[in-house]
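File shown here: entry.cif, holding mmCIF, C-alpha atoms.
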```cif
data_input
loop_
_atom_site.group_PDB
_atom_site.id
_atom_site.type_symbol
_atom_site.label_atom_id
_atom_site.label_comp_id
_atom_site.auth_asym_id
_atom_site.auth_seq_id
_atom_site.Cartn_x
_atom_site.Cartn_y
_atom_site.Cartn_z
ATOM 1 C CA MET A 1 0.000 0.000 0.000
ATOM 2 C CA LEU A 2 1.023 3.577 -0.563
ATOM 3 C CA LYS A 3 0.159 7.016 0.721
ATOM 4 C CA LEU A 4 -2.572 8.817 -1.289
ATOM 5 C CA ILE A 5 -3.358 5.725 -3.407
ATOM 6 C CA ASP A 6 -6.636 3.798 -3.232
ATOM 7 C CA ASN A 7 -5.456 0.271 -2.407
ATOM 8 C CA ARG A 8 -7.857 -1.276 -4.923
ATOM 9 C CA LEU A 9 -5.387 -0.053 -7.554
ATOM 10 C CA THR A 10 -2.801 -2.768 -8.106
ATOM 11 C CA ALA A 11 0.726 -2.160 -9.337
ATOM 12 C CA GLU A 12 -0.356 -3.265 -12.824
ATOM 13 C CA VAL A 13 -3.286 -0.832 -12.862
ATOM 14 C CA LEU A 14 -1.130 2.043 -11.591
ATOM 15 C CA TYR A 15 1.450 1.283 -14.271
ATOM 16 C CA THR A 16 -1.164 1.377 -17.027
ATOM 17 C CA LEU A 17 -2.918 4.526 -15.808
ATOM 18 C CA GLN A 18 0.443 6.322 -15.784
ATOM 19 C CA LYS A 19 1.462 4.963 -19.227
ATOM 20 C CA MET A 20 -1.789 6.195 -20.790
ATOM 21 C CA GLY A 21 -1.831 9.673 -22.303
ATOM 22 C CA HIS A 22 -4.400 12.241 -23.346
ATOM 23 C CA GLY A 23 -7.196 10.709 -25.422
ATOM 24 C CA ASP A 24 -6.351 7.109 -24.558
ATOM 25 C CA ILE A 25 -9.345 4.945 -23.668
ATOM 26 C CA LEU A 26 -9.733 2.555 -20.750
ATOM 27 C CA ILE A 27 -12.516 -0.043 -20.863
ATOM 28 C CA ILE A 28 -14.080 -1.299 -17.637
ATOM 29 C CA ALA A 29 -15.601 -4.668 -18.445
ATOM 30 C CA ASP A 30 -18.266 -6.691 -16.664
ATOM 31 C CA ALA A 31 -17.860 -10.410 -16.015
ATOM 32 C CA ASN A 32 -19.513 -11.380 -19.334
ATOM 33 C CA PHE A 33 -17.358 -9.197 -21.576
ATOM 34 C CA PRO A 34 -14.904 -10.994 -23.923
ATOM 35 C CA SER A 35 -11.993 -9.131 -22.341
ATOM 36 C CA THR A 36 -9.149 -11.450 -23.282
ATOM 37 C CA THR A 37 -10.241 -11.790 -26.905
ATOM 38 C CA ILE A 38 -10.720 -8.062 -27.442
ATOM 39 C CA SER A 39 -7.562 -7.201 -25.520
ATOM 40 C CA LYS A 40 -5.523 -8.647 -28.393
ATOM 41 C CA SER A 41 -6.493 -5.580 -30.453
ATOM 42 C CA THR A 42 -5.723 -3.012 -27.744
ATOM 43 C CA VAL A 43 -2.564 -0.948 -27.332
ATOM 44 C CA SER A 44 -1.395 -2.817 -24.232
ATOM 45 C CA GLN A 45 -2.698 -6.204 -25.421
ATOM 46 C CA SER A 46 -3.348 -7.138 -21.833
ATOM 47 C CA VAL A 47 -6.246 -7.431 -19.405
ATOM 48 C CA LEU A 48 -5.947 -5.690 -16.054
ATOM 49 C CA ASN A 49 -7.363 -7.591 -13.126
ATOM 50 C CA MET A 50 -9.767 -5.727 -10.842
ATOM 51 C CA GLU A 51 -11.689 -8.873 -10.059
ATOM 52 C CA ASN A 52 -13.707 -9.164 -6.860
ATOM 53 C CA LEU A 53 -14.826 -5.574 -7.426
ATOM 54 C CA ASN A 54 -17.989 -4.501 -9.186
ATOM 55 C CA ALA A 55 -17.914 -1.841 -11.904
ATOM 56 C CA PRO A 56 -18.759 1.159 -9.676
ATOM 57 C CA GLU A 57 -16.064 0.138 -7.172
ATOM 58 C CA ALA A 58 -13.412 -0.242 -9.866
ATOM 59 C CA ILE A 59 -14.377 3.045 -11.537
ATOM 60 C CA GLU A 60 -14.395 4.935 -8.256
ATOM 61 C CA ALA A 61 -10.847 3.752 -7.550
ATOM 62 C CA ILE A 62 -9.638 4.522 -11.085
ATOM 63 C CA LEU A 63 -11.127 8.013 -11.159
ATOM 64 C CA SER A 64 -9.347 8.894 -7.916
ATOM 65 C CA LEU A 65 -6.252 9.186 -10.157
ATOM 66 C CA LEU A 66 -7.380 9.314 -13.806
ATOM 67 C CA PRO A 67 -8.404 12.745 -15.130
ATOM 68 C CA LEU A 68 -11.309 12.639 -17.608
ATOM 69 C CA ASP A 69 -10.977 14.291 -21.016
ATOM 70 C CA THR A 70 -12.532 17.746 -21.066
ATOM 71 C CA PHE A 71 -11.950 18.357 -24.797
ATOM 72 C CA VAL A 72 -14.427 15.859 -26.266
ATOM 73 C CA ASP A 73 -18.023 14.713 -25.799
ATOM 74 C CA ASP A 74 -17.143 11.024 -25.638
ATOM 75 C CA PHE A 75 -15.129 11.470 -22.425
ATOM 76 C CA ALA A 76 -16.972 8.571 -20.795
ATOM 77 C CA GLY A 77 -19.597 6.127 -21.964
ATOM 78 C CA ARG A 78 -21.796 3.181 -21.038
ATOM 79 C CA MET A 79 -22.730 0.142 -23.109
ATOM 80 C CA GLU A 80 -26.268 0.865 -24.311
ATOM 81 C CA VAL A 81 -28.998 -1.631 -23.480
ATOM 82 C CA ASP A 82 -30.048 -3.049 -26.862
ATOM 83 C CA GLY A 83 -32.726 -0.788 -28.379
ATOM 84 C CA GLU A 84 -33.095 1.343 -25.244
ATOM 85 C CA PRO A 85 -30.615 4.225 -25.570
ATOM 86 C CA ASP A 86 -32.168 6.286 -22.786
ATOM 87 C CA PHE A 87 -32.546 3.501 -20.215
ATOM 88 C CA LEU A 88 -29.939 3.231 -17.478
ATOM 89 C CA PRO A 89 -30.103 0.023 -15.434
ATOM 90 C CA PRO A 90 -29.001 0.371 -11.779
ATOM 91 C CA VAL A 91 -25.343 -0.497 -12.482
ATOM 92 C CA GLN A 92 -25.219 2.352 -15.001
ATOM 93 C CA GLU A 93 -26.997 4.757 -12.657
ATOM 94 C CA ASP A 94 -24.402 3.975 -9.984
ATOM 95 C CA VAL A 95 -21.514 4.620 -12.363
ATOM 96 C CA ALA A 96 -23.167 7.760 -13.799
ATOM 97 C CA LYS A 97 -23.093 9.323 -10.330
ATOM 98 C CA ILE A 98 -19.399 8.533 -9.893
ATOM 99 C CA VAL A 99 -18.541 9.916 -13.335
ATOM 100 C CA ARG A 100 -20.453 13.142 -12.722
ATOM 101 C CA ALA A 101 -18.742 13.551 -9.349
ATOM 102 C CA ASN A 102 -15.321 13.184 -10.990
ATOM 103 C CA ASP A 103 -15.927 15.343 -14.067
ATOM 104 C CA ASP A 104 -15.062 19.027 -13.773
ATOM 105 C CA GLU A 105 -18.308 19.941 -15.525
ATOM 106 C CA SER A 106 -20.424 17.162 -13.946
ATOM 107 C CA ARG A 107 -21.332 15.857 -17.419
ATOM 108 C CA ASP A 108 -23.370 12.742 -18.134
ATOM 109 C CA MET A 109 -21.520 9.943 -19.886
ATOM 110 C CA ILE A 110 -22.694 9.093 -23.381
ATOM 111 C CA SER A 111 -24.614 6.024 -24.485
ATOM 112 C CA ILE A 112 -22.704 3.730 -26.860
ATOM 113 C CA GLU A 113 -24.541 1.117 -28.932
ATOM 114 C CA ARG A 114 -23.172 -2.370 -28.232
ATOM 115 C CA GLN A 115 -21.342 -2.982 -31.522
ATOM 116 C CA ALA A 116 -19.913 0.546 -31.395
ATOM 117 C CA PHE A 117 -18.793 -0.185 -27.825
ATOM 118 C CA TYR A 118 -16.821 -3.219 -29.033
ATOM 119 C CA GLU A 119 -15.151 -0.928 -31.569
ATOM 120 C CA PHE A 120 -14.179 1.501 -28.785
ATOM 121 C CA ALA A 121 -12.824 -1.475 -26.853
ATOM 122 C CA ARG A 122 -10.682 -2.681 -29.774
ATOM 123 C CA LYS A 123 -9.169 0.803 -30.060
ATOM 124 C CA SER A 124 -8.659 1.194 -26.317
ATOM 125 C CA TYR A 125 -5.385 1.293 -24.427
ATOM 126 C CA ALA A 126 -6.392 -1.508 -22.074
ATOM 127 C CA ILE A 127 -9.314 -3.443 -20.641
ATOM 128 C CA VAL A 128 -9.991 -3.731 -16.923
ATOM 129 C CA GLN A 129 -11.741 -6.951 -15.931
ATOM 130 C CA THR A 130 -14.141 -6.544 -13.019
ATOM 131 C CA SER A 131 -16.413 -9.111 -11.372
ATOM 132 C CA GLU A 132 -19.524 -7.060 -12.174
ATOM 133 C CA THR A 133 -22.343 -9.559 -12.768
ATOM 134 C CA ARG A 134 -25.085 -7.103 -13.759
ATOM 135 C CA LEU A 135 -25.689 -7.070 -17.518
ATOM 136 C CA PHE A 136 -24.519 -4.029 -19.495
ATOM 137 C CA GLY A 137 -22.039 -3.235 -16.721
ATOM 138 C CA CYS A 138 -19.448 -2.103 -19.276
ATOM 139 C CA PHE A 139 -17.974 1.388 -19.497
ATOM 140 C CA MET A 140 -15.352 3.470 -21.234
ATOM 141 C CA LEU A 141 -13.259 6.290 -19.752
ATOM 142 C CA ARG A 142 -11.059 8.606 -21.828
ATOM 143 C CA LYS A 143 -7.961 10.039 -20.168
ATOM 144 C CA GLY A 144 -7.698 13.808 -19.988
ATOM 145 C CA VAL A 145 -4.852 16.129 -19.112
ATOM 146 C CA ILE A 146 -3.399 17.493 -15.899
ATOM 147 C CA PHE A 147 -2.914 21.225 -16.323
ATOM 148 C CA PRO A 148 0.309 22.785 -15.024
ATOM 149 C CA SER A 149 -0.195 24.297 -11.595
ATOM 150 C CA MET B 1 0.113 12.358 -15.672
ATOM 151 C CA LEU B 2 -2.374 11.496 -12.971
ATOM 152 C CA LYS B 3 -4.257 13.228 -10.214
ATOM 153 C CA LEU B 4 -2.464 13.215 -6.806
ATOM 154 C CA ILE B 5 0.743 11.726 -8.265
ATOM 155 C CA ASP B 6 4.048 13.610 -8.492
ATOM 156 C CA ASN B 7 4.833 13.425 -12.211
ATOM 157 C CA ARG B 8 8.495 12.603 -11.557
ATOM 158 C CA LEU B 9 7.226 9.112 -10.689
ATOM 159 C CA THR B 10 7.172 7.062 -13.872
ATOM 160 C CA ALA B 11 4.893 4.088 -14.497
ATOM 161 C CA GLU B 12 7.796 1.769 -13.715
ATOM 162 C CA VAL B 13 8.520 3.502 -10.398
ATOM 163 C CA LEU B 14 4.831 3.500 -9.406
ATOM 164 C CA TYR B 15 4.624 -0.194 -10.227
ATOM 165 C CA THR B 16 7.614 -0.989 -8.031
ATOM 166 C CA LEU B 17 6.554 1.162 -5.085
ATOM 167 C CA GLN B 18 3.190 -0.607 -5.088
ATOM 168 C CA LYS B 19 4.725 -4.104 -5.448
ATOM 169 C CA MET B 20 7.014 -3.504 -2.456
ATOM 170 C CA GLY B 21 5.752 -4.526 0.965
ATOM 171 C CA HIS B 22 6.584 -3.824 4.595
ATOM 172 C CA GLY B 23 10.314 -4.045 5.278
ATOM 173 C CA ASP B 24 11.367 -4.002 1.633
ATOM 174 C CA ILE B 25 14.286 -1.699 0.852
ATOM 175 C CA LEU B 26 14.622 0.798 -1.990
ATOM 176 C CA ILE B 27 18.074 2.123 -2.862
ATOM 177 C CA ILE B 28 18.449 5.582 -4.362
ATOM 178 C CA ALA B 29 21.753 5.597 -6.198
ATOM 179 C CA ASP B 30 23.975 8.444 -7.328
ATOM 180 C CA ALA B 31 25.489 8.558 -10.806
ATOM 181 C CA ASN B 32 28.655 6.695 -9.725
ATOM 182 C CA PHE B 33 26.906 3.747 -8.074
ATOM 183 C CA PRO B 34 27.219 0.329 -9.812
ATOM 184 C CA SER B 35 23.441 0.111 -10.109
ATOM 185 C CA THR B 36 23.152 -2.390 -12.937
ATOM 186 C CA THR B 37 25.694 -4.787 -11.459
ATOM 187 C CA ILE B 38 24.200 -4.761 -7.972
ATOM 188 C CA SER B 39 20.634 -4.893 -9.326
ATOM 189 C CA LYS B 40 21.282 -8.501 -10.405
ATOM 190 C CA SER B 41 21.158 -9.487 -6.723
ATOM 191 C CA THR B 42 17.988 -7.549 -5.883
ATOM 192 C CA VAL B 43 14.428 -8.862 -5.711
ATOM 193 C CA SER B 44 13.284 -7.056 -8.857
ATOM 194 C CA GLN B 45 16.628 -7.498 -10.653
ATOM 195 C CA SER B 46 16.035 -4.200 -12.428
ATOM 196 C CA VAL B 47 17.170 -0.588 -12.254
ATOM 197 C CA LEU B 48 14.501 2.089 -12.118
ATOM 198 C CA ASN B 49 15.288 5.209 -14.094
ATOM 199 C CA MET B 50 14.911 8.539 -12.315
ATOM 200 C CA GLU B 51 17.683 10.094 -14.344
ATOM 201 C CA ASN B 52 17.846 13.848 -14.826
ATOM 202 C CA LEU B 53 16.897 14.213 -11.188
ATOM 203 C CA ASN B 54 19.283 14.596 -8.275
ATOM 204 C CA ALA B 55 18.942 12.444 -5.155
ATOM 205 C CA PRO B 56 16.873 14.921 -3.090
ATOM 206 C CA GLU B 57 14.449 15.423 -5.995
ATOM 207 C CA ALA B 58 13.985 11.693 -6.522
ATOM 208 C CA ILE B 59 13.554 11.031 -2.804
ATOM 209 C CA GLU B 60 11.075 13.861 -2.379
ATOM 210 C CA ALA B 61 8.920 12.386 -5.158
ATOM 211 C CA ILE B 62 9.200 8.822 -3.811
ATOM 212 C CA LEU B 63 8.331 9.803 -0.250
ATOM 213 C CA SER B 64 5.164 11.523 -1.433
ATOM 214 C CA LEU B 65 3.807 7.954 -1.766
ATOM 215 C CA LEU B 66 6.120 5.579 0.126
ATOM 216 C CA PRO B 67 5.498 5.240 3.880
ATOM 217 C CA LEU B 68 8.689 4.832 5.941
ATOM 218 C CA ASP B 69 9.029 1.917 8.345
ATOM 219 C CA THR B 70 8.212 2.933 11.923
ATOM 220 C CA PHE B 71 9.099 -0.449 13.482
ATOM 221 C CA VAL B 72 12.886 -0.406 13.013
ATOM 222 C CA ASP B 73 15.839 1.935 13.473
ATOM 223 C CA ASP B 74 17.221 1.362 9.979
ATOM 224 C CA PHE B 75 14.147 2.920 8.326
ATOM 225 C CA ALA B 76 16.357 5.130 6.161
ATOM 226 C CA GLY B 77 20.073 5.525 5.711
ATOM 227 C CA ARG B 78 22.870 7.354 3.926
ATOM 228 C CA MET B 79 26.135 6.006 2.554
ATOM 229 C CA GLU B 80 28.729 7.025 5.117
ATOM 230 C CA VAL B 81 31.688 9.107 3.955
ATOM 231 C CA ASP B 82 34.710 6.835 4.457
ATOM 232 C CA GLY B 83 35.982 7.214 8.011
ATOM 233 C CA GLU B 84 33.645 10.130 8.830
ATOM 234 C CA PRO B 85 30.447 8.608 10.251
ATOM 235 C CA ASP B 86 29.151 11.907 11.646
ATOM 236 C CA PHE B 87 29.858 14.092 8.605
ATOM 237 C CA LEU B 88 26.956 14.862 6.273
ATOM 238 C CA PRO B 89 27.986 16.460 2.968
ATOM 239 C CA PRO B 90 25.408 18.886 1.496
ATOM 240 C CA VAL B 91 23.642 16.204 -0.582
ATOM 241 C CA GLN B 92 23.061 14.209 2.610
ATOM 242 C CA GLU B 93 21.943 17.287 4.553
ATOM 243 C CA ASP B 94 19.374 17.983 1.825
ATOM 244 C CA VAL B 95 18.030 14.431 1.937
ATOM 245 C CA ALA B 96 18.069 14.347 5.747
ATOM 246 C CA LYS B 97 15.619 17.268 5.790
ATOM 247 C CA ILE B 98 13.275 15.510 3.357
ATOM 248 C CA VAL B 99 13.416 12.246 5.337
ATOM 249 C CA ARG B 100 12.687 14.009 8.627
ATOM 250 C CA ALA B 101 9.769 15.851 7.034
ATOM 251 C CA ASN B 102 8.291 12.573 5.807
ATOM 252 C CA ASP B 103 8.858 10.484 8.926
ATOM 253 C CA ASP B 104 6.065 10.449 11.488
ATOM 254 C CA GLU B 105 8.592 10.863 14.299
ATOM 255 C CA SER B 106 10.955 13.218 12.379
ATOM 256 C CA ARG B 107 13.823 10.776 12.919
ATOM 257 C CA ASP B 108 17.327 11.151 11.491
ATOM 258 C CA MET B 109 18.368 8.520 8.982
ATOM 259 C CA ILE B 110 21.214 6.235 10.026
ATOM 260 C CA SER B 111 24.761 6.251 8.713
ATOM 261 C CA ILE B 112 25.755 3.085 6.815
ATOM 262 C CA GLU B 113 29.413 2.270 6.189
ATOM 263 C CA ARG B 114 30.098 1.883 2.467
ATOM 264 C CA GLN B 115 30.606 -1.895 2.317
ATOM 265 C CA ALA B 116 27.564 -2.394 4.550
ATOM 266 C CA PHE B 117 25.619 -0.127 2.206
ATOM 267 C CA TYR B 118 26.470 -2.392 -0.743
ATOM 268 C CA GLU B 119 25.121 -5.293 1.312
ATOM 269 C CA PHE B 120 21.852 -3.405 1.915
ATOM 270 C CA ALA B 121 21.708 -2.739 -1.823
ATOM 271 C CA ARG B 122 22.165 -6.408 -2.721
ATOM 272 C CA LYS B 123 19.291 -7.310 -0.406
ATOM 273 C CA SER B 124 17.057 -4.480 -1.633
ATOM 274 C CA TYR B 125 13.877 -4.762 -3.652
ATOM 275 C CA ALA B 126 15.119 -2.380 -6.358
ATOM 276 C CA ILE B 127 17.634 0.319 -7.170
ATOM 277 C CA VAL B 128 16.624 3.761 -8.413
ATOM 278 C CA GLN B 129 19.236 5.382 -10.664
ATOM 279 C CA THR B 130 19.400 9.146 -10.305
ATOM 280 C CA SER B 131 21.706 11.655 -12.007
ATOM 281 C CA GLU B 132 23.100 12.840 -8.672
ATOM 282 C CA THR B 133 26.739 13.801 -9.284
ATOM 283 C CA ARG B 134 27.700 14.648 -5.697
ATOM 284 C CA LEU B 135 29.784 11.890 -4.088
ATOM 285 C CA PHE B 136 28.117 9.772 -1.388
ATOM 286 C CA GLY B 137 24.716 10.702 -2.794
ATOM 287 C CA CYS B 138 23.377 7.203 -2.108
ATOM 288 C CA PHE B 139 20.496 6.388 0.214
ATOM 289 C CA MET B 140 18.260 3.584 1.402
ATOM 290 C CA LEU B 141 14.560 3.797 2.290
ATOM 291 C CA ARG B 142 12.634 0.980 3.979
ATOM 292 C CA LYS B 143 8.928 0.687 3.222
ATOM 293 C CA GLY B 144 6.538 0.912 6.142
ATOM 294 C CA VAL B 145 2.860 0.161 6.521
ATOM 295 C CA ILE B 146 -0.321 2.073 5.879
ATOM 296 C CA PHE B 147 -2.576 1.664 8.883
ATOM 297 C CA PRO B 148 -6.286 1.003 8.307
ATOM 298 C CA SER B 149 -8.274 4.210 8.577
#
```
Reformat the file's structure so that it appears as structure tokens.
Amino acid sequence: MLKLIDNRLTAEVLYTLQKMGHGDILIIADANFPSTTISKSTVSQSVLNMENLNAPEAIEAILSLLPLDTFVDDFAGRMEVDGEPDFLPPVQEDVAKIVRANDDESRDMISIERQAFYEFARKSYAIVQTSETRLFGCFMLRKGVIFPS
Amino acid sequence: MLKLIDNRLTAEVLYTLQKMGHGDILIIADANFPSTTISKSTVSQSVLNMENLNAPEAIEAILSLLPLDTFVDDFAGRMEVDGEPDFLPPVQEDVAKIVRANDDESRDMISIERQAFYEFARKSYAIVQTSETRLFGCFMLRKGVIFPS
């Protein structure tokens, strides 16, 4: 464990968050997501283990360090329930609150149709595997910048 | 870059600081130290690059995250100037201030005779290579614990 650091963030996760740069995408995957298969197309080609956490827990820990992109509209997104773009199941409501609380402008994350979400995932920097069992518990976060102080 | 994290800490350094546990030793080496050779005997068997920083800069960044061991007397140490155990050259004075400021009990780091220092280094978790050019600019830090809140 370290000072300042949420201890749900393993060495491997810390390493990846620091290696990512502005615009890079991190996918937070539920327990049904084909993480290993899709990871082969990602920049890091690896799956980060945040198992035994659900999606809101993993995202809360990640956003304690990761700045969200303030330059684009797709700064964060949720996997859309098929045919119901405006419906947020409870897992997505929980994450929406955490994203708003960690975004400088308290924005709502966008809805991403399922096939489009897979495309985001293939272009991502890395995939984080959670133990989230609720369906459509998949999310994307885009890294922003730290401004000079 | 990440929120909360001193940006002198690279992904590789973050990874190592998080992998280390209670009692593990980190060596901060000056530019003359045989880092690569001695690293072969360490736990990680690798040299971490904090080049283009001097020893006080590297240690200040590291101690922003690394807790110091409060259970032992050899929680931090400096490579003793040959035959002058009580003499602290300016590089050691600078680091001594940073160590005191980051130790819960504001303790002084111990003096470690040069051959004994090499022995600490061989038993360390990892060696951090700095660009410190001042002689005897070598230090050891022992990781402590984070108490539950």
Name the residues captured by the PyMOL selection byres ((chain B) within 12 of (chain A)) when it is applied to the shown file; answer as a CSV table (one decimal) with C-alpha atoms, keeping the file's coordinate frame.
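Wrote out21.csv, looks like this:
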```csv
chain,number,residue,atom,x,y,z
B,1,MET,CA,0.1,12.4,-15.7
B,2,LEU,CA,-2.4,11.5,-13.0
B,3,LYS,CA,-4.3,13.2,-10.2
B,4,LEU,CA,-2.5,13.2,-6.8
B,5,ILE,CA,0.7,11.7,-8.3
B,6,ASP,CA,4.0,13.6,-8.5
B,7,ASN,CA,4.8,13.4,-12.2
B,8,ARG,CA,8.5,12.6,-11.6
B,9,LEU,CA,7.2,9.1,-10.7
B,10,THR,CA,7.2,7.1,-13.9
B,11,ALA,CA,4.9,4.1,-14.5
B,12,GLU,CA,7.8,1.8,-13.7
B,13,VAL,CA,8.5,3.5,-10.4
B,14,LEU,CA,4.8,3.5,-9.4
B,15,TYR,CA,4.6,-0.2,-10.2
B,16,THR,CA,7.6,-1.0,-8.0
B,17,LEU,CA,6.6,1.2,-5.1
B,18,GLN,CA,3.2,-0.6,-5.1
B,19,LYS,CA,4.7,-4.1,-5.4
B,20,MET,CA,7.0,-3.5,-2.5
B,21,GLY,CA,5.8,-4.5,1.0
B,22,HIS,CA,6.6,-3.8,4.6
B,61,ALA,CA,8.9,12.4,-5.2
B,62,ILE,CA,9.2,8.8,-3.8
B,63,LEU,CA,8.3,9.8,-0.2
B,64,SER,CA,5.2,11.5,-1.4
B,65,LEU,CA,3.8,8.0,-1.8
B,66,LEU,CA,6.1,5.6,0.1
B,67,PRO,CA,5.5,5.2,3.9
B,68,LEU,CA,8.7,4.8,5.9
B,102,ASN,CA,8.3,12.6,5.8
B,143,LYS,CA,8.9,0.7,3.2
B,144,GLY,CA,6.5,0.9,6.1
B,145,VAL,CA,2.9,0.2,6.5
B,146,ILE,CA,-0.3,2.1,5.9
B,147,PHE,CA,-2.6,1.7,8.9
B,148,PRO,CA,-6.3,1.0,8.3
B,149,SER,CA,-8.3,4.2,8.6
```
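Straight-line separation from CA of Pro90 in chain B to CA of Phe139 in chain B: 13.5 Å.
Between CA of Gly23 in chain A and CA of Arg142 in chain A lies a distance of 5.7 Å.
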Å distance separating CA of Ile110 in chain B from CA of Gly83 in chain B, one decimal place: 14.9 Å
Matched chain/residue IDs from the PyMOL selection byres ((chain B and resi 31) around 9), as a ChimeraX atom specification: /B:29-30,32-35,51,129-135,137
Please write as a JSON list (two decimals) with C-alpha atoms, keeping the file's coordinate frame the full residue list that the PyMOL selection byres ((chain B and resi 116-120) around 8) yields on this file.
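Contents of the output file selection09.json:
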```json
[["chain", "number", "residue", "atom", "x", "y", "z"],
["B", 25, "ILE", "CA", 14.29, -1.70, 0.85],
["B", 38, "ILE", "CA", 24.20, -4.76, -7.97],
["B", 79, "MET", "CA", 26.14, 6.01, 2.55],
["B", 112, "ILE", "CA", 25.76, 3.08, 6.82],
["B", 113, "GLU", "CA", 29.41, 2.27, 6.19],
["B", 114, "ARG", "CA", 30.10, 1.88, 2.47],
["B", 115, "GLN", "CA", 30.61, -1.90, 2.32],
["B", 121, "ALA", "CA", 21.71, -2.74, -1.82],
["B", 122, "ARG", "CA", 22.16, -6.41, -2.72],
["B", 123, "LYS", "CA", 19.29, -7.31, -0.41],
["B", 124, "SER", "CA", 17.06, -4.48, -1.63],
["B", 140, "MET", "CA", 18.26, 3.58, 1.40]]
```
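Minimum atom-to-atom distances from A:Asn54, A:Thr70, A:Asn49, A:Ser41 to Val95 in chain A were compared using only C-alpha atoms, and the lowest value belongs to A:Asn54.
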From the list A:Phe75, A:Phe87, A:Tyr125, A:Phe136, the nearest residue to Met109 in chain A using all atoms listed in the file is A:Phe75
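Proximity of A:Ile28, A:Ile127, A:Ala101, A:Cys138 to Pro89 in chain A, computed with only C-alpha atoms, is greatest for A:Cys138.
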Which neighbours of Asp94 in chain A fall inside 10 Å, counting only C-alpha atoms, when residues of the same chain fewer than 6 positions from it are skipped, and could you give them as a PDB file with C-alpha atoms, in the frame of the given file?
```pdb
ATOM      1  CA  ALA A  55     -17.914  -1.841 -11.904  1.00  0.00           C
ATOM      2  CA  PRO A  56     -18.759   1.159  -9.676  1.00  0.00           C
ATOM      3  CA  GLU A  57     -16.064   0.138  -7.172  1.00  0.00           C
ATOM      4  CA  LEU A  88     -29.939   3.231 -17.478  1.00  0.00           C
TER       5      LEU A  88
END
```
Add whatever atoms are absent from range 80-91 of chain B to reach N, CA, C and O atoms, and provide the output as an mmCIF file, in the coordinates of the input.
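Result went into result09.cif, see below:
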```cif
data_model
loop_
_atom_site.group_PDB
_atom_site.id
_atom_site.type_symbol
_atom_site.label_atom_id
_atom_site.label_comp_id
_atom_site.auth_asym_id
_atom_site.auth_seq_id
_atom_site.Cartn_x
_atom_site.Cartn_y
_atom_site.Cartn_z
ATOM 1 N N GLU B 80 27.790 6.277 4.273
ATOM 2 C CA GLU B 80 28.729 7.025 5.117
ATOM 3 C C GLU B 80 29.976 7.433 4.338
ATOM 4 O O GLU B 80 30.540 6.628 3.588
ATOM 5 N N VAL B 81 30.406 8.683 4.521
ATOM 6 C CA VAL B 81 31.688 9.107 3.955
ATOM 7 C C VAL B 81 32.789 8.326 4.666
ATOM 8 O O VAL B 81 32.797 8.237 5.894
ATOM 9 N N ASP B 82 33.707 7.749 3.889
ATOM 10 C CA ASP B 82 34.710 6.835 4.457
ATOM 11 C C ASP B 82 35.409 7.449 5.668
ATOM 12 O O ASP B 82 36.033 8.517 5.563
ATOM 13 N N GLY B 83 35.279 6.797 6.797
ATOM 14 C CA GLY B 83 35.982 7.214 8.011
ATOM 15 C C GLY B 83 35.380 8.420 8.713
ATOM 16 O O GLY B 83 35.933 8.885 9.719
ATOM 17 N N GLU B 84 34.253 8.933 8.209
ATOM 18 C CA GLU B 84 33.645 10.130 8.830
ATOM 19 C C GLU B 84 32.157 9.901 9.082
ATOM 20 O O GLU B 84 31.308 10.501 8.433
ATOM 21 N N PRO B 85 31.842 9.015 10.043
ATOM 22 C CA PRO B 85 30.447 8.608 10.251
ATOM 23 C C PRO B 85 29.501 9.753 10.614
ATOM 24 O O PRO B 85 28.304 9.654 10.360
ATOM 25 N N ASP B 86 30.038 10.826 11.200
ATOM 26 C CA ASP B 86 29.151 11.907 11.646
ATOM 27 C C ASP B 86 29.072 13.068 10.660
ATOM 28 O O ASP B 86 28.367 14.043 10.918
ATOM 29 N N PHE B 87 29.832 12.987 9.566
ATOM 30 C CA PHE B 87 29.858 14.092 8.605
ATOM 31 C C PHE B 87 28.795 13.886 7.523
ATOM 32 O O PHE B 87 28.748 12.859 6.859
ATOM 33 N N LEU B 88 27.946 14.894 7.352
ATOM 34 C CA LEU B 88 26.956 14.862 6.273
ATOM 35 C C LEU B 88 27.319 15.917 5.224
ATOM 36 O O LEU B 88 27.199 17.119 5.499
ATOM 37 N N PRO B 89 27.765 15.487 4.038
ATOM 38 C CA PRO B 89 27.986 16.460 2.968
ATOM 39 C C PRO B 89 26.636 17.057 2.557
ATOM 40 O O PRO B 89 25.577 16.522 2.903
ATOM 41 N N PRO B 90 26.665 18.192 1.811
ATOM 42 C CA PRO B 90 25.408 18.886 1.496
ATOM 43 C C PRO B 90 24.326 17.995 0.889
ATOM 44 O O PRO B 90 23.149 18.128 1.243
ATOM 45 N N VAL B 91 24.675 17.062 0.013
ATOM 46 C CA VAL B 91 23.642 16.204 -0.582
ATOM 47 C C VAL B 91 22.926 15.401 0.504
ATOM 48 O O VAL B 91 21.710 15.166 0.421
#
```
